[in-house]
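Shown here: entry38.txt, compact mmCIF, C-alpha atoms and all ligand atoms.
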```txt
# COMPACT_ATOMS: atom_id res chain seq x y z
CA MET A 1 0.12 -39.62 16.63
CA ARG A 2 -0.06 -36.89 14.00
CA PHE A 3 -2.96 -35.22 12.32
CA ILE A 4 -3.94 -32.36 10.06
CA HIS A 5 -6.47 -29.78 11.21
CA THR A 6 -8.05 -27.65 8.50
CA ALA A 7 -11.41 -25.88 8.11
CA ASP A 8 -13.44 -23.57 5.89
CA ILE A 9 -12.52 -25.08 2.53
CA HIS A 10 -15.64 -23.64 0.83
CA LEU A 11 -15.76 -26.07 -2.10
CA GLY A 12 -18.18 -24.91 -4.76
CA LYS A 13 -17.61 -21.21 -4.28
CA THR A 14 -17.09 -19.13 -7.38
CA TYR A 15 -18.19 -15.82 -8.86
CA ARG A 16 -21.33 -16.34 -10.89
CA ASN A 17 -21.49 -14.59 -14.24
CA SER A 18 -17.85 -13.69 -14.09
CA GLN A 19 -15.34 -14.58 -16.80
CA GLY A 20 -13.15 -16.12 -14.14
CA GLU A 21 -15.94 -18.38 -12.87
CA GLY A 22 -14.43 -21.70 -13.98
CA GLU A 23 -10.91 -20.93 -12.82
CA ARG A 24 -12.03 -19.56 -9.46
CA TYR A 25 -14.18 -22.68 -8.91
CA GLN A 26 -11.00 -24.79 -9.17
CA ASP A 27 -9.09 -22.74 -6.56
CA PHE A 28 -10.88 -24.33 -3.62
CA PHE A 29 -10.45 -27.89 -4.87
CA ARG A 30 -6.78 -27.25 -5.56
CA SER A 31 -6.40 -26.00 -2.01
CA LEU A 32 -7.96 -29.14 -0.48
CA ALA A 33 -6.06 -31.44 -2.84
CA ALA A 34 -2.75 -29.89 -1.72
CA ILE A 35 -3.64 -30.50 1.95
CA VAL A 36 -4.63 -34.11 1.22
CA ALA A 37 -1.32 -34.60 -0.61
CA ASP A 38 0.58 -33.21 2.40
CA GLY A 39 -1.34 -35.57 4.67
CA LEU A 40 -0.28 -38.55 2.58
CA ARG A 41 3.32 -37.40 2.38
CA GLU A 42 3.47 -36.86 6.14
CA ALA A 43 1.60 -40.14 6.71
CA VAL A 44 -0.72 -38.54 9.25
CA ASP A 45 -3.07 -40.70 11.30
CA PHE A 46 -6.18 -38.66 10.52
CA VAL A 47 -7.45 -35.38 9.08
CA LEU A 48 -9.91 -33.01 10.79
CA ILE A 49 -12.17 -30.60 8.93
CA GLY A 50 -13.69 -28.02 11.28
CA GLY A 51 -16.74 -27.20 9.14
CA ASP A 52 -17.59 -25.41 5.90
CA LEU A 53 -16.20 -28.10 3.64
CA PHE A 54 -18.81 -26.84 1.17
CA HIS A 55 -19.67 -23.25 0.47
CA THR A 56 -23.42 -23.84 0.39
CA GLY A 57 -25.88 -26.43 1.69
CA GLN A 58 -26.99 -27.28 -1.82
CA ILE A 59 -24.11 -28.03 -4.14
CA LEU A 60 -23.84 -28.96 -7.80
CA PRO A 61 -23.40 -32.66 -8.68
CA LYS A 62 -19.99 -31.85 -10.19
CA THR A 63 -18.91 -30.33 -6.85
CA PHE A 64 -19.83 -33.56 -5.08
CA ALA A 65 -18.04 -35.67 -7.69
CA LYS A 66 -14.87 -33.58 -7.48
CA THR A 67 -14.90 -33.71 -3.68
CA ILE A 68 -15.00 -37.51 -3.78
CA GLU A 69 -12.16 -37.58 -6.27
CA ILE A 70 -10.02 -35.42 -3.96
CA LEU A 71 -10.83 -37.39 -0.79
CA GLN A 72 -10.31 -40.76 -2.51
CA PRO A 73 -6.54 -41.02 -1.79
CA LEU A 74 -7.18 -40.57 1.95
CA LYS A 75 -9.80 -43.30 1.88
CA GLU A 76 -7.50 -45.63 -0.02
CA ALA A 77 -4.65 -44.97 2.42
CA GLY A 78 -6.97 -45.72 5.32
CA ILE A 79 -6.55 -42.22 6.78
CA PRO A 80 -9.85 -41.22 8.40
CA CYS A 81 -11.20 -37.77 7.61
CA LEU A 82 -13.34 -36.48 10.47
CA ALA A 83 -15.60 -33.55 9.82
CA VAL A 84 -18.35 -31.42 11.30
CA GLU A 85 -20.87 -29.22 9.54
CA GLY A 86 -20.30 -25.49 9.35
CA ASN A 87 -22.88 -22.80 8.81
CA HIS A 88 -22.31 -23.05 5.09
CA ASP A 89 -22.83 -26.83 4.96
CA TRP A 90 -25.92 -26.61 7.03
CA ILE A 91 -29.09 -27.81 5.47
CA HIS A 92 -32.31 -26.94 7.16
CA ARG A 93 -34.71 -29.30 5.49
CA ARG A 94 -34.20 -32.38 7.61
CA HIS A 95 -36.13 -34.76 5.35
CA ASN A 96 -33.43 -34.30 2.74
CA ILE A 97 -30.14 -36.06 3.21
CA SER A 98 -27.35 -33.50 3.24
CA TRP A 99 -24.26 -33.78 1.07
CA MET A 100 -22.14 -34.12 4.20
CA GLU A 101 -24.28 -37.05 5.38
CA ALA A 102 -23.93 -38.64 1.96
CA LEU A 103 -20.13 -38.34 2.13
CA SER A 104 -20.22 -39.93 5.56
CA GLU A 105 -22.43 -42.81 4.44
CA MET A 106 -20.07 -43.45 1.55
CA GLY A 107 -17.07 -43.55 3.90
CA TYR A 108 -15.25 -40.47 2.58
CA ILE A 109 -15.64 -38.56 5.81
CA ARG A 110 -16.83 -39.40 9.30
CA LEU A 111 -19.39 -36.76 10.00
CA LEU A 112 -19.60 -36.14 13.74
CA ARG A 113 -22.77 -34.60 15.13
CA PRO A 114 -24.32 -34.93 18.61
CA THR A 115 -27.93 -35.79 19.28
CA ARG A 116 -29.96 -33.76 21.74
CA THR A 117 -32.05 -34.81 24.70
CA GLU A 118 -35.52 -33.39 25.29
CA GLU A 119 -34.06 -31.27 28.09
CA GLY A 120 -31.57 -29.74 25.66
CA GLY A 121 -28.58 -31.82 26.75
CA TYR A 122 -25.96 -33.15 24.35
CA VAL A 123 -25.30 -36.82 23.63
CA PHE A 124 -22.27 -37.93 21.65
CA GLU A 125 -23.20 -41.39 20.38
CA PRO A 126 -20.32 -43.64 19.25
CA PHE A 127 -19.75 -43.32 15.53
CA ASN A 128 -21.33 -46.14 13.54
CA GLU A 129 -19.30 -47.07 10.45
CA GLU A 130 -22.30 -48.72 8.81
CA THR A 131 -24.66 -45.77 8.97
CA GLY A 132 -22.02 -43.05 8.93
CA ARG A 133 -23.66 -41.38 11.93
CA GLY A 134 -22.49 -40.57 15.43
CA GLY A 135 -20.98 -37.89 17.59
CA HIS A 136 -17.77 -39.39 18.89
CA LEU A 137 -15.08 -41.89 18.03
CA GLU A 138 -11.88 -43.18 19.53
CA LEU A 139 -8.61 -43.44 17.63
CA ASP A 140 -5.69 -45.02 19.50
CA GLY A 141 -6.91 -43.81 22.87
CA LEU A 142 -7.77 -40.28 21.69
CA HIS A 143 -11.49 -39.49 22.03
CA ILE A 144 -12.68 -37.24 19.23
CA TYR A 145 -15.97 -35.38 19.61
CA GLY A 146 -17.66 -33.38 16.89
CA LEU A 147 -19.98 -30.43 17.15
CA GLY A 148 -20.98 -28.48 14.09
CA TYR A 149 -22.41 -25.02 13.89
CA ILE A 150 -24.89 -24.26 16.66
CA GLY A 151 -25.17 -20.54 16.01
CA ALA A 152 -25.67 -17.81 18.56
CA GLN A 153 -26.33 -20.27 21.38
CA ALA A 154 -22.77 -21.69 21.34
CA GLY A 155 -21.50 -19.75 24.36
CA SER A 156 -24.39 -20.65 26.63
CA HIS A 157 -24.15 -24.36 25.67
CA VAL A 158 -20.53 -24.93 26.68
CA GLU A 159 -21.45 -26.28 30.11
CA ARG A 160 -23.92 -28.81 28.64
CA ILE A 161 -21.37 -29.88 26.03
CA CYS A 162 -18.73 -30.51 28.72
CA GLN A 163 -21.26 -32.43 30.83
CA ALA A 164 -21.83 -34.87 27.96
CA VAL A 165 -18.15 -35.90 27.93
CA THR A 166 -16.98 -38.40 30.52
CA SER A 167 -13.81 -39.78 28.89
CA SER A 168 -10.31 -38.38 29.27
CA ASN A 169 -7.77 -37.60 26.52
CA ASN A 170 -10.32 -35.70 24.46
CA LEU A 171 -10.41 -33.57 21.36
CA LEU A 172 -13.37 -31.50 20.17
CA ILE A 173 -14.13 -30.30 16.64
CA PHE A 174 -16.33 -27.21 16.91
CA HIS A 175 -17.47 -24.77 14.22
CA VAL A 176 -17.63 -21.55 16.22
CA GLY A 177 -15.83 -18.23 16.29
CA ILE A 178 -14.52 -16.25 19.26
CA TRP A 179 -15.60 -12.61 19.25
CA ARG A 180 -12.20 -11.06 19.87
CA TYR A 181 -10.55 -12.92 16.99
CA SER A 182 -13.25 -13.84 14.52
CA PRO A 183 -14.12 -11.20 11.97
CA VAL A 184 -17.30 -13.09 10.98
CA GLU A 185 -20.44 -11.31 12.15
CA ILE A 186 -22.48 -14.29 13.38
CA GLY A 187 -21.92 -17.59 15.15
CA ASN A 188 -19.37 -16.42 17.71
CA MET A 189 -19.03 -16.78 21.45
CA LYS A 190 -17.15 -14.81 24.08
CA LEU A 191 -13.62 -15.74 25.05
CA GLU A 192 -14.54 -16.39 28.69
CA GLU A 193 -17.42 -18.63 27.56
CA ALA A 194 -14.91 -20.86 25.74
CA HIS A 195 -12.49 -21.37 28.63
CA PRO A 196 -14.35 -24.25 30.38
CA LEU A 197 -13.69 -26.32 27.23
CA ALA A 198 -9.99 -26.37 28.19
CA GLU A 199 -10.79 -28.50 31.23
CA LYS A 200 -12.35 -31.26 29.10
CA PHE A 201 -10.46 -31.09 25.84
CA GLY A 202 -6.71 -31.05 25.27
CA TYR A 203 -7.29 -29.68 21.79
CA VAL A 204 -10.30 -27.82 20.43
CA ALA A 205 -10.28 -27.82 16.63
CA LEU A 206 -12.12 -24.66 15.62
CA GLY A 207 -13.45 -23.48 12.30
CA HIS A 208 -15.55 -20.50 11.14
CA GLY A 209 -13.31 -17.42 11.19
CA HIS A 210 -11.14 -17.39 8.09
CA LYS A 211 -8.20 -15.88 9.96
CA PRO A 212 -5.97 -18.17 12.05
CA TYR A 213 -5.79 -17.69 15.80
CA VAL A 214 -4.98 -19.62 18.97
CA ILE A 215 -6.81 -19.34 22.29
CA GLU A 216 -5.15 -19.75 25.66
CA THR A 217 -6.54 -20.31 29.13
CA PRO A 218 -6.21 -17.34 31.53
CA ALA A 219 -3.11 -19.18 32.85
CA GLY A 220 -1.58 -19.04 29.36
CA ARG A 221 -2.02 -22.61 28.13
CA PRO A 222 -3.10 -22.80 24.48
CA TYR A 223 -6.07 -25.14 23.92
CA ALA A 224 -8.18 -23.99 20.96
CA TYR A 225 -6.88 -23.53 17.46
CA ASN A 226 -8.49 -21.96 14.43
CA PRO A 227 -6.56 -22.67 11.22
CA GLY A 228 -8.55 -20.20 9.10
CA ALA A 229 -9.48 -20.91 5.49
CA PRO A 230 -6.60 -22.31 3.39
CA GLU A 231 -7.73 -20.29 0.33
CA ARG A 232 -8.79 -16.63 0.35
CA VAL A 233 -12.58 -16.86 0.35
CA ASN A 234 -13.83 -13.27 0.70
CA PHE A 235 -12.35 -9.86 0.02
CA GLY A 236 -10.50 -8.69 3.10
CA GLU A 237 -8.69 -12.01 3.51
CA GLY A 238 -5.73 -10.83 1.46
CA LYS A 239 -3.78 -9.93 4.60
CA TYR A 240 -4.45 -13.09 6.61
CA ASP A 241 -1.97 -15.91 6.96
CA LYS A 242 -3.30 -18.87 5.01
CA GLY A 243 -2.65 -22.46 5.94
CA TYR A 244 -3.57 -25.37 8.19
CA TYR A 245 -2.18 -27.07 11.29
CA LEU A 246 -0.01 -30.16 11.39
CA VAL A 247 -0.35 -31.45 14.94
CA THR A 248 1.77 -34.00 16.78
CA LEU A 249 0.38 -35.59 19.91
CA SER A 250 3.06 -37.01 22.12
CA GLN A 251 2.60 -37.98 25.74
CA GLY A 252 -0.56 -35.92 26.08
CA ASP A 253 0.94 -32.76 24.56
CA PHE A 254 -0.32 -31.26 21.33
CA VAL A 255 2.55 -29.72 19.38
CA VAL A 256 1.08 -27.49 16.72
CA GLN A 257 2.76 -26.32 13.54
CA PHE A 258 1.13 -23.86 11.11
CA ARG A 259 1.76 -24.87 7.54
CA PRO A 260 1.26 -22.19 4.90
CA THR A 261 -0.85 -22.87 1.80
CA ASP A 262 -0.65 -21.13 -1.54
CA PRO A 263 -3.80 -19.04 -2.05
CA ARG A 264 -4.67 -16.90 -5.07
CA PRO A 265 -3.52 -13.27 -4.79
CA MET A 266 -6.24 -10.94 -3.59
CA LEU A 267 -6.07 -7.18 -3.42
CA VAL A 268 -8.38 -4.60 -1.92
CA GLU A 269 -7.38 -1.13 -3.03
CA VAL A 270 -8.84 2.17 -1.88
CA ILE A 271 -8.48 4.76 -4.61
CA ASP A 272 -8.86 8.38 -3.64
CA LEU A 273 -10.11 10.30 -6.65
CA ASP A 274 -10.82 13.51 -4.76
CA GLY A 275 -10.73 16.55 -7.01
CA ALA A 276 -10.82 14.63 -10.29
CA GLY A 277 -12.62 16.86 -12.80
CA ASP A 278 -13.65 14.28 -15.35
CA ALA A 279 -13.99 10.53 -15.68
CA GLU A 280 -11.07 10.24 -18.09
CA SER A 281 -8.49 11.65 -15.68
CA ALA A 282 -10.06 9.77 -12.75
CA LEU A 283 -9.68 6.52 -14.65
CA ALA A 284 -6.04 7.30 -15.45
CA ARG A 285 -5.31 7.94 -11.76
CA CYS A 286 -7.00 4.71 -10.84
CA LEU A 287 -5.01 2.64 -13.32
CA GLU A 288 -1.72 4.26 -12.32
CA GLN A 289 -2.28 3.37 -8.67
CA ILE A 290 -3.01 -0.25 -9.56
CA ARG A 291 -0.01 -0.40 -11.88
CA VAL A 292 2.32 0.80 -9.09
CA LYS A 293 0.79 -1.63 -6.63
CA MET A 294 1.19 -4.62 -8.91
CA ALA A 295 4.70 -3.76 -10.12
CA GLY A 296 7.26 -6.40 -9.22
CA GLN A 297 4.68 -9.07 -8.53
CA GLN A 298 6.11 -12.52 -9.14
CA GLU A 299 2.75 -14.20 -9.00
CA GLN A 300 1.58 -15.94 -12.16
CA ARG A 301 -2.05 -16.37 -11.17
CA ARG A 302 -4.50 -13.61 -12.03
CA PRO A 303 -5.47 -11.64 -8.91
CA LEU A 304 -8.88 -11.00 -7.38
CA LEU A 305 -9.40 -7.30 -7.09
CA GLU A 306 -11.74 -5.09 -5.10
CA LEU A 307 -11.66 -1.37 -5.76
CA LYS A 308 -13.12 1.22 -3.44
CA LEU A 309 -13.44 4.54 -5.17
CA THR A 310 -13.68 7.52 -2.82
CA GLY A 311 -13.58 11.29 -3.02
CA ARG A 312 -15.49 14.28 -4.34
CA VAL A 313 -15.40 14.47 -8.09
CA GLY A 314 -16.63 16.83 -10.79
CA PHE A 315 -18.54 14.22 -12.81
CA HIS A 316 -21.37 11.84 -12.16
CA PRO A 317 -20.06 8.72 -10.32
CA PHE A 318 -22.02 6.52 -12.74
CA GLU A 319 -19.56 7.48 -15.46
CA LEU A 320 -17.00 5.23 -13.80
CA GLY A 321 -19.24 2.23 -14.23
CA ARG A 322 -18.37 -1.37 -13.67
CA GLU A 323 -17.88 -2.27 -17.34
CA ARG A 324 -15.71 0.73 -18.14
CA LEU A 325 -13.45 0.01 -15.18
CA ARG A 326 -13.30 -3.68 -15.95
CA LEU A 327 -12.21 -3.11 -19.53
CA ALA A 328 -9.55 -0.60 -18.50
CA LEU A 329 -8.24 -2.83 -15.72
CA ALA A 330 -7.99 -5.85 -18.01
CA GLU A 331 -5.17 -4.08 -19.84
CA VAL A 332 -3.20 -3.34 -16.67
CA VAL A 333 -3.50 -6.34 -14.34
CA SER A 334 -5.88 -8.72 -16.06
CA PRO A 335 -7.69 -9.58 -12.81
CA LEU A 336 -9.60 -12.85 -12.66
CA HIS A 337 -12.47 -11.02 -10.99
CA VAL A 338 -13.15 -7.40 -10.05
CA GLU A 339 -15.59 -5.94 -7.57
CA ILE A 340 -16.13 -2.23 -7.44
CA LYS A 341 -17.44 -0.16 -4.57
CA ASN A 342 -18.26 3.25 -5.85
CA HIS A 343 -18.35 5.74 -2.97
CA LEU A 344 -17.69 8.79 -5.13
CA SER A 345 -19.74 11.88 -4.48
CA MET A 346 -20.25 14.61 -7.00
CA VAL A 347 -19.48 18.26 -6.50
CA ALA A 348 -21.94 20.41 -8.41
CA HIS A 349 -21.72 24.14 -9.02
CA THR A 350 -24.91 26.13 -8.67
CA ASN A 351 -24.70 29.90 -9.20
CA GLY A 352 -20.96 29.77 -8.59
CA ARG A 353 -21.39 28.02 -5.25
CA GLU A 354 -19.87 24.64 -4.64
CA ARG A 355 -22.28 22.06 -3.41
CA VAL A 356 -21.54 18.41 -2.60
CA LYS A 357 -24.16 16.01 -3.80
CA LYS A 358 -24.70 13.04 -1.64
CA SER A 359 -23.27 9.72 -2.73
CA LEU A 360 -25.62 6.82 -3.38
CA SER A 361 -24.70 5.12 -0.13
CA GLU A 362 -25.27 8.33 1.84
CA MET A 363 -28.71 8.74 0.35
CA GLU A 364 -29.50 5.14 1.14
CA ARG A 365 -28.42 5.61 4.76
CA ASP A 366 -30.52 8.75 5.13
CA VAL A 367 -33.65 7.06 3.81
CA LEU A 368 -33.26 4.07 6.12
CA HIS A 369 -32.49 6.30 9.07
CA GLU A 370 -35.70 8.22 8.49
CA LEU A 371 -37.84 5.09 8.03
CA ILE A 372 -36.47 3.42 11.16
CA GLY A 373 -36.76 6.60 13.24
CA ALA A 374 -40.40 6.91 12.25
CA HIS A 375 -41.26 3.90 14.40
CA SER A 376 -41.51 4.72 18.10
CA LEU A 377 -40.05 1.34 19.08
CA TYR A 378 -36.78 2.08 17.33
CA GLN A 379 -36.27 5.74 18.15
CA GLY A 380 -32.85 6.43 19.60
CA ARG A 381 -31.36 3.36 17.90
CA GLU A 382 -31.53 4.65 14.33
CA GLU A 383 -27.78 4.66 13.81
CA GLU A 384 -27.23 1.09 14.93
CA LEU A 385 -30.31 -0.35 13.19
CA THR A 386 -29.48 1.43 9.95
CA ARG A 387 -26.06 -0.19 10.05
CA LEU A 388 -27.66 -3.57 10.73
CA ALA A 389 -30.11 -3.16 7.83
CA ILE A 390 -27.29 -2.32 5.45
CA SER A 391 -25.11 -5.21 6.57
CA ILE A 392 -28.02 -7.63 6.17
CA ARG A 393 -28.64 -6.22 2.70
CA ASP A 394 -24.96 -6.82 1.84
CA LEU A 395 -25.13 -10.40 3.14
CA VAL A 396 -28.23 -11.07 1.05
CA ILE A 397 -26.54 -9.71 -2.07
CA LYS A 398 -23.46 -11.85 -1.44
CA GLY A 399 -25.79 -14.82 -1.27
CA ASP A 400 -23.72 -16.95 1.13
CA VAL A 401 -25.86 -16.75 4.23
CA GLU A 402 -28.93 -18.85 4.83
CA ASP A 403 -32.28 -17.35 5.80
CA ASP A 404 -32.17 -18.78 9.33
CA GLU A 405 -28.88 -17.10 10.05
CA LEU A 406 -30.18 -13.76 8.86
CA LEU A 407 -33.16 -14.18 11.13
CA ALA A 408 -30.87 -15.11 14.03
CA LEU A 409 -28.85 -11.96 13.41
CA LEU A 410 -32.01 -9.86 13.44
CA GLY A 411 -33.24 -11.64 16.55
CA GLU A 412 -30.03 -10.91 18.44
CA GLU A 413 -30.15 -7.22 17.61
CA LEU A 414 -33.83 -6.62 18.17
MN MN B 1 -16.39 -20.44 6.57
```

Would it be possible to restate this file's structure as structure tokens?
Amino acid sequence: MRFIHTADIHLGKTYRNSQGEGERYQDFFRSLAAIVADGLREAVDFVLIGGDLFHTGQILPKTFAKTIEILQPLKEAGIPCLAVEGNHDWIHRRHNISWMEALSEMGYIRLLRPTRTEEGGYVFEPFNEETGRGGHLELDGLHIYGLGYIGAQAGSHVERICQAVTSSNNLLIFHVGIWRYSPVEIGNMKLEEAHPLAEKFGYVALGHGHKPYVIETPAGRPYAYNPGAPERVNFGEGKYDKGYYLVTLSQGDFVVQFRPTDPRPMLVEVIDLDGAGDAESALARCLEQIRVKMAGQQEQRRPLLELKLTGRVGFHPFELGRERLRLALAEVVSPLHVEIKNHLSMVAHTNGRERVKKSLSEMERDVLHELIGAHSLYQGREEELTRLAISIRDLVIKGDVEDDELLALLGEEL
């Protein structure tokens, strides 16, 4: 028996109001289509998607239509595609049918999701082909269970999840990260909390963290696998291996092979402009560094670029604005999309004395620090809560995280 295990496809993601919007939108579909094509070529028995098939709970009709088009060959070949919901697919309004449920009803995926008892226990109902609902199904003697994103409670629910499983020869699809390996800030559990899963499941198909990793029992037996996202989704993923797993199950052993995918080039570059006297020379330094970095690149696709500008400069940081940088960069690397983090601080001269003006982000931190410290409940935790406030602000600006998750993050910290 052979199968593909992938996760975190993030269909529908793009950069709004960016010239590269249309092309970037295609990246994620191309990535899934290539995996589907591999599955057909390898004649796998089934495909697993460990959550975050879609980037957001609400998707555009064209995203749904394109997803169907890409999954169609699997359906026609009779290769089941089993999926769970990730945090990004999650829809909170229960009276609305989710896009994942719709795909399951139409037979493009088999969406696995447990039901819950009043006492908080888990029940994995057999999957019903007619309704497209259920928590578990059997394929050639392998029992496949599906558990989507359950948030911060994942670690404490492992025992209940294991209790709900009475079969042997089991596999679990679970959208959760493990703290030590997952760079995502929410939805993780501790390594030791995961270990009991190894007693019930021969293979745990993870999703959530976009970086691949494998988890072993304390005795050194691998049992949980996170393939990571096959495309680079967020800045910072440029250095991760990108791919999916092709797994062979023979005589109870899962033999796992990581297969690389072909993601768009992504570059995060820190540019130290310390000592630059004017914006013109700073810009020249910036472009030179990028030019050197990109020299000898064989890649045809336009890269995604994030620039972090640092240092003390003799001009107002605003002079190196987004548009000015974008125009200049277009001539050097022609990036598909650029994000700029301007951490420059200005050195001013007053009466011959050098004085460093605070950068925007420093001022912001100081203001928050003062506001938080003014409340007696939070005194002594200013540093940590300021950091939390800023990271929540960044998540809100990025627009990927749902309100409930932000609240959960706050709840955990407070
Ligand atoms: Mn994801």

Smallest atom-to-atom distance to A:Ile178: which of A:Asn87, A:Asn226, A:Gln153, A:Thr56, using all atoms listed in the file?
A:Asn226

Counting all atoms listed in the file, figure out which residue out of A:Leu53, A:Ala279, A:Leu368, A:Leu344 gets nearest to ligand MN 1 (chain B).
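Once distances to ligand MN 1 (chain B) are computed over all atoms listed in the file, the minimum belongs to A:Leu53.
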
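For stretch 220-223 of chain A, the set of protein, DNA and RNA residues having any atom at most 7 Å away, when counting only C-alpha atoms and skipping those fewer than 5 positions along the same chain, is A:Ala198, A:Gly202, A:Tyr203, A:Val204, A:Val214, A:Ile215.
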
For C-alpha atoms, I'd like the residues from the last selection saved as an mmCIF file, in the frame of the given file.
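Contents of the output file out-v6.cif:
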```
data_model
loop_
_atom_site.group_PDB
_atom_site.id
_atom_site.type_symbol
_atom_site.label_atom_id
_atom_site.label_comp_id
_atom_site.auth_asym_id
_atom_site.auth_seq_id
_atom_site.Cartn_x
_atom_site.Cartn_y
_atom_site.Cartn_z
ATOM 1 C CA ALA A 198 -9.990 -26.370 28.190
ATOM 2 C CA GLY A 202 -6.710 -31.050 25.270
ATOM 3 C CA TYR A 203 -7.290 -29.680 21.790
ATOM 4 C CA VAL A 204 -10.300 -27.820 20.430
ATOM 5 C CA VAL A 214 -4.980 -19.620 18.970
ATOM 6 C CA ILE A 215 -6.810 -19.340 22.290
#
```

Could you give me, as a VMD selection string, the residues that have an atom at most 10 Å away from the point (-13.1, -44.9, 28.3) in the coordinates of the file, using only C-alpha atoms?
chain A and resid 138 141 to 143 166 to 169

Per residue of chain A within 9 Å of ligand MN 1 (chain B), note the shortest atom pair and the distance in Å to one decimal, counting all atoms listed in the file, and order the rows by chain and increasing residue number, as CSV.
```
residue,atom,partner,partner_atom,distance
A:Ala7,CA,B:MN1,MN,7.5
A:Asp8,CA,B:MN1,MN,4.4
A:Ile9,CA,B:MN1,MN,7.3
A:His10,CA,B:MN1,MN,6.6
A:Gly51,CA,B:MN1,MN,7.2
A:Asp52,CA,B:MN1,MN,5.2
A:Leu53,CA,B:MN1,MN,8.2
A:Phe54,CA,B:MN1,MN,8.7
A:His55,CA,B:MN1,MN,7.5
A:Gly86,CA,B:MN1,MN,7.0
A:Asn87,CA,B:MN1,MN,7.3
A:His88,CA,B:MN1,MN,6.6
A:His175,CA,B:MN1,MN,8.9
A:Val184,CA,B:MN1,MN,8.6
A:Gly207,CA,B:MN1,MN,7.1
A:His208,CA,B:MN1,MN,4.6
A:Gly209,CA,B:MN1,MN,6.3
A:His210,CA,B:MN1,MN,6.3
A:Gly228,CA,B:MN1,MN,8.2
A:Ala229,CA,B:MN1,MN,7.0
A:Val233,CA,B:MN1,MN,8.1
```

Answer as a list in words, residues within 7 Å of (-17.8, -34.7, 22.6) using all atoms listed in the file:
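I get Phe124, Gly135, His136, Ile144, Tyr145, Gly146, Ile161, Ala164, Val165 and Leu172 of chain A for the residues within 7 Å of that point.
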
Give me, as a list in words, all polymer residues having an atom no more than 9 Å from A:Gly148, counting only C-alpha atoms and skipping those fewer than 2 positions away in the same chain.
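These residues fall inside the cut-off: Gly50, Gly51, Ala83, Val84, Glu85, Gly86, Asn87, Trp90, Leu112, Arg113, Pro114, Gly146, Ile150, Ile173, Phe174, His175 and Val176 of chain A.
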